[in-house]
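Engineer: One structure coming up, written as structure tokens, with questions to follow.
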Amino acid sequence: MKTIEKAKLDSLFAQLAQNYSLLVPVDYNGLTQFAPYSQVQEGVSQLYLDGNVTVSPKTAYLPQSEAMYKFRAQGKKLAIEEMAGLDKQQVLFGVRHCDTKAIQCLDKVFLDEKFEDPQYKNKREQNIVFSLACNNPKATCFCESMGLDRAHAEASVADVQVYDFGDSFGFEAISDKGKACLDKLTGLGETASKLPDQKPQTLKFDVAGLPEKLKDMFEDPIWDEYSFKCLNCGTCSYICPTCHCFDINNKIRGEVGVKLRTWDSCMFNEYTLMAGGHQPRAGKKERVRNRFLHKLQYFNEKHDMSLCVGCGRCVAKCPVNVDITKFIRQVIG
Amino acid sequence: MKTASASDVKRINNLVPKIGVVKEILDETPDVKTFRISTPEGERPFTPMPGQLGMYSLPAVGEAMFSVTNYGDDYIDMSIKKYNDGVLTSVLHAMEEGQEVGIRGPYGNGFPIDQFKGKDIVFVAGGIGLAPVRSLILYCMRNREDFGKLTIIYGGRSKDDLCFKEDLFENWPKVPNTEVHVTIDRPQEGWDGHVGFVPDFVKEIAPNAQIAAVCGPPILIKLTLPILSQMGLPDEDIITTLELRMKCGIGKCGRCNIGSCYVCLDGPVFSQAQLNNMPKEY
């Protein structure tokens, strides 16, 4: 395994930044997220490797706001021009395993055979993911319960596996893309060290049979209980690494405009409200139910995998403590 | 403006519309217009199957999904009802011929044509709900020998609100082995046809059909489906179309789900048998 001392991390980043665009996890005024390494160099943000970031790296695949095409509407005339994709490879350093699993979920949606999404695919091809195994899970982490491997990142997404050995990081290539990237780096040490110890997750439960159980619970009173305090604020969907619903909007100046896709949330009234006034999910009960069932039942039915990866962000950040893990444990009983 | 790179050319971004030109605008009713759309080269923008959908947009205003009610060699027709609260439909209705618009599709599953073949069919529609059903009716008439008796039952709020009047009163009654029954909700001067709501009219006519296609306002669908069941049609052969808010049309933006189905992808056409197994959230 190749290694680098943490004291020399800057030199590693400098090398990566020479060949690639480089995104690293940062703390920007208290908000942790992935940002260009230049922010760290300029002192705008501080490198943050103590835990997972609040805003998931889905931003590097499905940005919060992304231009889809430009248009010019001039009288009866209309011209449309598509956007160019990323032309340079981009390294994401320190993506946690849960977030690599989340990208595998997004693949099911955006790389489906019939309507493959070229903007997503472009980023999928250009991104090189260095995935860091977590030694110290938070109290809200439950990825193991959702079937994740804490020693190995999702191999279809991660290109380099990173381990934290305390004073140093160790690197193992997963993909050819990852190997090519590692091969370019100089000044790395070599060690055959055993994998670091990982502290056990404290939030553990069994999810066997969950989708099947939920199938018969659409009218269950449990939805009143779990939606009662929900504010429909949408925080859960914005920070969720697998929530991918988007709206399509315009930014217009005179005759020219840009068509944008922007994150949306099933917590919002306008999400399903129709022009004629019909509203199939009228209240918070229907919306919380839809979100939970999409994560834990509907996605399983369509893609044979859960849309919850156990990152624990919504558990940690919900302003009124709506807790999907408490819900799962109550359903499983 | 930049040009797409070679690798981009091969990739089709389904969310980016093609340019369409509104060749003709036909007034159907005071609040329904039919827009005939070609490409700038004078070609058909795409070839839909009956019941399939198209995304129609004025990029500076908005984009929405509509059924493609008919198509010819070099055009598709979309019939659109204006809603006063609907920003896009209001602007579409104010448009003039020659306007360039965004168009993409076809989307959705469409009607299961093979399932209709060889059967006597009843078509039940109300208001603008005739638009999707009409695409199937026209298909059956163009391939007349593949289908049994066609019974069309249609209603509107008033005689002025009836869509596709030329088809209803001139063209369709002339098609062999075809019956057309039209009703309006309330009595009206100058109307000597049937008066009453569509579901009751279906009961009254009691068509001897083996399969049904139903589309209209939610209340019409809700009241008509049980009547068709009572007439002995199996749930698999009671076919309807659903409509929910859509943005992408290709199963990615999320909002049109009913359980694990997306109306834009797995619908808009569903059988009663399928609906029985879906959450009642539409």
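Following the order of the structure tokens, chains are lettered A, B, ..., residues in each are numbered from 1, and ligands are numbered from 1.
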If you take only C-alpha atoms and a cut-off of 6 Å, which residues of chain A touch chain B, and what are their nearest atom pairs and distances in Å to one decimal, in chain and number order, as a tab-separated table?
Structural biologist:
residue	atom	partner	partner_atom	distance
A:Lys76	CA	B:Gln99	CA	4.4
A:Lys77	CA	B:Glu100	CA	5.5
A:Leu78	CA	B:Glu100	CA	5.6
A:Pro118	CA	B:Asn13	CA	5.9
A:Cys245	CA	B:Cys253	CA	4.5
A:Phe246	CA	B:Cys253	CA	4.8
A:Thr272	CA	B:Arg245	CA	5.5
A:Met274	CA	B:Arg245	CA	5.5
A:Ala275	CA	B:Gly86	CA	4.9
A:Pro280	CA	B:Tyr282	CA	4.9
A:Tyr298	CA	B:Ser260	CA	4.4
Engineer: In segment 17-152 of chain B, what's strand (DSSP E or B) per DSSP? Answer as number ranges by chain?
Structural biologist: B: 18-29, 32-38, 53-58, 62-67, 70-72, 75-81, 100-107, 121-126, 150-152
Engineer: Please extract the residues of segment 95-255 of chain B with a backbone DSSP assignment of alpha helix (DSSP H) and present them as JSON, numbers by chain.
Structural biologist: {"B": [113, 114, 115, 116, 130, 131, 132, 133, 134, 135, 136, 137, 138, 139, 140, 141, 142, 165, 166, 198, 199, 200, 201, 202, 203, 204, 205, 218, 219, 220, 221, 222, 223, 224, 225, 226, 227, 228, 229, 230]}
Engineer: Name the closest residue to Tyr75 of chain B among the candidates B:Asp161, B:Asp114, B:Glu170, B:Glu43; distances are taken between atoms, counting only C-alpha atoms.
Structural biologist: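 Counting only C-alpha atoms, the residue closest to Tyr75 of chain B is B:Glu43.
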Engineer: Applying 6 Å and only C-alpha atoms, which residues near segment 229-239 of chain B remain after dropping the ones on its own chain fewer than 6 positions away? List them as a ChimeraX atom specification.
Structural biologist: /B:211-213,270-273
Engineer: Export C-alpha atoms of the chosen residues as a short mmCIF file (atom, residue, chain, number, x, y, z; two decimals), in the first residue's frame?
Structural biologist:
data_model
loop_
_atom_site.label_atom_id
_atom_site.label_comp_id
_atom_site.auth_asym_id
_atom_site.auth_seq_id
_atom_site.Cartn_x
_atom_site.Cartn_y
_atom_site.Cartn_z
CA ILE B 211 -62.12 -3.65 -23.45
CA ALA B 212 -62.40 0.01 -22.41
CA ALA B 213 -60.21 3.11 -22.63
CA PHE B 270 -52.56 2.01 -16.53
CA SER B 271 -55.09 -0.81 -16.27
CA GLN B 272 -57.50 -1.08 -13.37
CA ALA B 273 -55.58 -4.23 -12.39
#
Engineer: Near Ser21 of chain A, within 7 Å and counting only C-alpha atoms, which residues show up once chain neighbours fewer than 6 positions away are dropped, as a ChimeraX atom specification?
Structural biologist: /A:88-91
Engineer: Could you check which of B:Cys264, B:Ile121, B:Met65, B:Leu223 is closest to Arg144 of chain B, using only C-alpha atoms?
Structural biologist: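 Selected residue with least distance to Arg144 of chain B: B:Ile121.
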Engineer: Which polymer residues have any atom within 8 Å of an atom of Lys119 of chain B, counting only C-alpha atoms, with same-chain residues fewer than 3 positions away left out, as a list in words?
Structural biologist: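 Using only C-alpha atoms, the neighbours found are Phe116, Phe147, Gly148, Lys149, Ala209, Gln210 and Ile211 of chain B.
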Engineer: Would you export the selected residues with N, CA and C atoms as a PDB file, in the first residue's frame, please?
Structural biologist:
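Full text of result24.pdb as output:
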ATOM      1  N   PHE B 116     -55.760  -4.454 -27.368  1.00  0.00           N
ATOM      2  CA  PHE B 116     -57.025  -3.969 -27.927  1.00  0.00           C
ATOM      3  C   PHE B 116     -57.401  -4.721 -29.214  1.00  0.00           C
ATOM      4  N   PHE B 147     -59.488  -4.302 -35.451  1.00  0.00           N
ATOM      5  CA  PHE B 147     -60.275  -4.089 -34.239  1.00  0.00           C
ATOM      6  C   PHE B 147     -61.752  -4.386 -34.485  1.00  0.00           C
ATOM      7  N   GLY B 148     -62.479  -4.711 -33.395  1.00  0.00           N
ATOM      8  CA  GLY B 148     -63.910  -5.008 -33.501  1.00  0.00           C
ATOM      9  C   GLY B 148     -64.727  -3.729 -33.523  1.00  0.00           C
ATOM     10  N   LYS B 149     -65.898  -3.791 -32.918  1.00  0.00           N
ATOM     11  CA  LYS B 149     -66.786  -2.625 -32.910  1.00  0.00           C
ATOM     12  C   LYS B 149     -66.201  -1.510 -32.039  1.00  0.00           C
ATOM     13  N   ALA B 209     -68.884  -4.213 -24.887  1.00  0.00           N
ATOM     14  CA  ALA B 209     -67.476  -4.156 -25.278  1.00  0.00           C
ATOM     15  C   ALA B 209     -66.645  -5.144 -24.470  1.00  0.00           C
ATOM     16  N   GLN B 210     -65.467  -5.478 -25.015  1.00  0.00           N
ATOM     17  CA  GLN B 210     -64.565  -6.398 -24.318  1.00  0.00           C
ATOM     18  C   GLN B 210     -63.387  -5.694 -23.667  1.00  0.00           C
ATOM     19  N   ILE B 211     -63.218  -4.418 -24.042  1.00  0.00           N
ATOM     20  CA  ILE B 211     -62.121  -3.651 -23.451  1.00  0.00           C
ATOM     21  C   ILE B 211     -62.514  -2.174 -23.486  1.00  0.00           C
TER      22      ILE B 211
END
Engineer: Contacts of Leu86 of chain A at 9 Å or less, counting only C-alpha atoms, minus same-chain residues fewer than 4 places along, as a PDB file with N, CA and C atoms, in the first residue's frame?
Structural biologist:
ATOM      1  N   GLN A  90     -11.326  15.359 -12.501  1.00  0.00           N
ATOM      2  CA  GLN A  90     -11.497  16.039 -11.215  1.00  0.00           C
ATOM      3  C   GLN A  90     -11.338  15.022 -10.087  1.00  0.00           C
ATOM      4  N   GLN A 119     -25.091  14.727 -18.900  1.00  0.00           N
ATOM      5  CA  GLN A 119     -24.414  15.667 -18.000  1.00  0.00           C
ATOM      6  C   GLN A 119     -23.917  14.948 -16.752  1.00  0.00           C
ATOM      7  N   ASN A 122     -20.973  12.538 -17.834  1.00  0.00           N
ATOM      8  CA  ASN A 122     -19.724  13.278 -18.027  1.00  0.00           C
ATOM      9  C   ASN A 122     -18.985  13.442 -16.692  1.00  0.00           C
ATOM     10  N   LYS A 123     -19.724  13.800 -15.654  1.00  0.00           N
ATOM     11  CA  LYS A 123     -19.076  13.980 -14.346  1.00  0.00           C
ATOM     12  C   LYS A 123     -18.644  12.645 -13.760  1.00  0.00           C
ATOM     13  N   GLN A 126     -15.417  11.861 -15.449  1.00  0.00           N
ATOM     14  CA  GLN A 126     -14.301  12.765 -15.171  1.00  0.00           C
ATOM     15  C   GLN A 126     -13.888  12.771 -13.695  1.00  0.00           C
TER      16      GLN A 126
END
